[in-house]
Amino acid sequence: MNPHTGTKPGTRPKDEAPTLDRTTFGHRLRAARKRFGWTLAQLAERSGVSITTISRAERGQLALGYENFTALGRALEMDMNAMFAGAGVKPAQLDGPVVTRAGKGVVYRGLSIAYEFLGTTAAGKQMSPIVGTVHARRIHGPEDFVRHAGEEFAYVLSGEIEVHFENGEVVHLARGDSLYFDSRLGHAYVSVSRQLAKIVGMTTAESGHMRSAREAPASGPVGKVPPKSKPAAATKKATRSRGA
């Protein structure tokens with residue numbers, strides 16, 4: 001019995017958030033791949049995630065970053081809630097309000113952020129809300145930048161963070177600050193306060209409107225006719241008149 005928590009060894013206090021460990025996540029990932037009858041190479045081809053990364057993740061030897069587990073989820077047609085639901089919980093369609101009590105989200109420790117996934121019992125929802133603890137302290141290289149379809153929102157609950165973008169821009173956020181951006185641009189979160197920063201985050205999938213805007217040819221504002229330029233001769237004449 002632990003004298004400080006009153007729990008037996010190997011048990012979790014009642015008020016502690018359920019945690020999805022690497023091994024459990026790896027088993028779910030492998031089971032989803034096997035349902036399609038795919039080899040590691042076939043899943044790698046469909047998801048864009050390397051064979052080595054998938055293999056290590058399935059064996060519980062590697063924590064995946066957001067970009068990789070969303071890419072694998074899309075390839076496997078696996079709802080993110082099914083990937084991160086608590087043990088024994090089967091997500092169902094959103095047919096009513098879904099409540100996640102304080103500290104009861106499902107926690108998964110990624111490469112730079114410990115994610116507490118919220119509303120995991122609702123399958124197929126359009127947003128993926130999380131409470132994140134940013135444990136990364138610096139950018140190691142280009143591999144730290146995450147890119148995924150859709151848009152992203154972050155609100156700082158405590159501490160301070162820097163959000164680095166692959167174009168060189170760095171945004172500093174303190175408690176109460178927020179940021180909204182196109183998540184296709186490579187980005188990385190770093191805690192810069194003494195304590196690890198905590199954020200509320202939200203991501204969305206790419207909407208039809210975003211896809212149309214991305215694929216549409218560049219053009220001027222709709223409904224506006226560009227002004228006609230003056231003939232060269234008229235322009236010269238006007239110039240001479242002003243200079244007279």
# chains A, B, ... in the order shown; residues from 1 in each chain; ligands from 1
call {"tool": "select_by_dssp", "arguments": {"residues": "stretch 44-214 of chain A", "states": "helix (DSSP H, G or I)", "output": "count of residues only"}}
result
37
call {"tool": "closest_residue", "arguments": {"among": "A:Val200, A:Val190, A:Leu179, A:Met83", "to": "A:Thr70", "atoms": "only C-alpha atoms"}}
result
A:Met83
call {"tool": "residues_around", "arguments": {"residues": "A:Arg56", "least_positions_apart": "4", "cutoff": "12 Å", "atoms": "only C-alpha atoms", "output": "mmCIF file with N, CA and C atoms, in the first residue's frame"}}
result
data_model
loop_
_atom_site.group_PDB
_atom_site.id
_atom_site.type_symbol
_atom_site.label_atom_id
_atom_site.label_comp_id
_atom_site.auth_asym_id
_atom_site.auth_seq_id
_atom_site.Cartn_x
_atom_site.Cartn_y
_atom_site.Cartn_z
ATOM 1 N N ARG A 22 1.942 3.124 -24.770
ATOM 2 C CA ARG A 22 2.435 2.820 -26.117
ATOM 3 C C ARG A 22 2.084 1.398 -26.547
ATOM 4 N N THR A 23 2.148 0.469 -25.601
ATOM 5 C CA THR A 23 1.882 -0.928 -25.945
ATOM 6 C C THR A 23 0.430 -1.130 -26.371
ATOM 7 N N PHE A 25 -1.647 1.176 -27.513
ATOM 8 C CA PHE A 25 -1.854 1.860 -28.783
ATOM 9 C C PHE A 25 -1.277 1.014 -29.919
ATOM 10 N N GLY A 26 -0.108 0.422 -29.696
ATOM 11 C CA GLY A 26 0.524 -0.413 -30.714
ATOM 12 C C GLY A 26 -0.344 -1.606 -31.090
ATOM 13 N N HIS A 27 -0.987 -2.241 -30.081
ATOM 14 C CA HIS A 27 -1.873 -3.372 -30.353
ATOM 15 C C HIS A 27 -3.064 -2.939 -31.191
ATOM 16 N N LEU A 29 -3.184 -0.398 -33.261
ATOM 17 C CA LEU A 29 -2.696 -0.062 -34.597
ATOM 18 C C LEU A 29 -2.477 -1.326 -35.426
ATOM 19 N N ARG A 30 -1.867 -2.325 -34.833
ATOM 20 C CA ARG A 30 -1.596 -3.575 -35.543
ATOM 21 C C ARG A 30 -2.902 -4.290 -35.899
ATOM 22 N N LEU A 40 3.155 -4.183 -43.521
ATOM 23 C CA LEU A 40 3.715 -2.907 -43.075
ATOM 24 C C LEU A 40 4.024 -2.011 -44.277
ATOM 25 N N VAL A 49 3.844 7.145 -43.810
ATOM 26 C CA VAL A 49 4.658 6.939 -42.613
ATOM 27 C C VAL A 49 5.613 5.777 -42.888
ATOM 28 N N SER A 50 6.860 5.897 -42.470
ATOM 29 C CA SER A 50 7.856 4.882 -42.810
ATOM 30 C C SER A 50 7.553 3.532 -42.168
ATOM 31 N N ILE A 51 8.034 2.470 -42.828
ATOM 32 C CA ILE A 51 7.852 1.110 -42.316
ATOM 33 C C ILE A 51 8.454 0.981 -40.923
ATOM 34 N N THR A 52 9.638 1.539 -40.723
ATOM 35 C CA THR A 52 10.317 1.447 -39.430
ATOM 36 C C THR A 52 9.494 2.097 -38.331
ATOM 37 N N GLY A 60 5.177 -0.974 -29.548
ATOM 38 C CA GLY A 60 5.193 -0.161 -28.337
ATOM 39 C C GLY A 60 6.541 0.440 -28.019
ATOM 40 N N GLN A 61 7.406 0.547 -29.029
ATOM 41 C CA GLN A 61 8.749 1.056 -28.817
ATOM 42 C C GLN A 61 8.894 2.532 -29.167
ATOM 43 N N LEU A 62 7.818 3.127 -29.686
ATOM 44 C CA LEU A 62 7.920 4.502 -30.158
ATOM 45 C C LEU A 62 6.608 5.241 -29.939
ATOM 46 N N ALA A 63 6.703 6.450 -29.411
ATOM 47 C CA ALA A 63 5.527 7.311 -29.297
ATOM 48 C C ALA A 63 5.403 8.096 -30.601
ATOM 49 N N LEU A 64 4.219 8.115 -31.159
ATOM 50 C CA LEU A 64 4.004 8.821 -32.424
ATOM 51 C C LEU A 64 3.656 10.283 -32.178
#
call {"tool": "atom_distance", "arguments": {"atom1": "atom CA of A:Ala136", "atom2": "atom CA of A:Val192"}}
result
9.1 Å
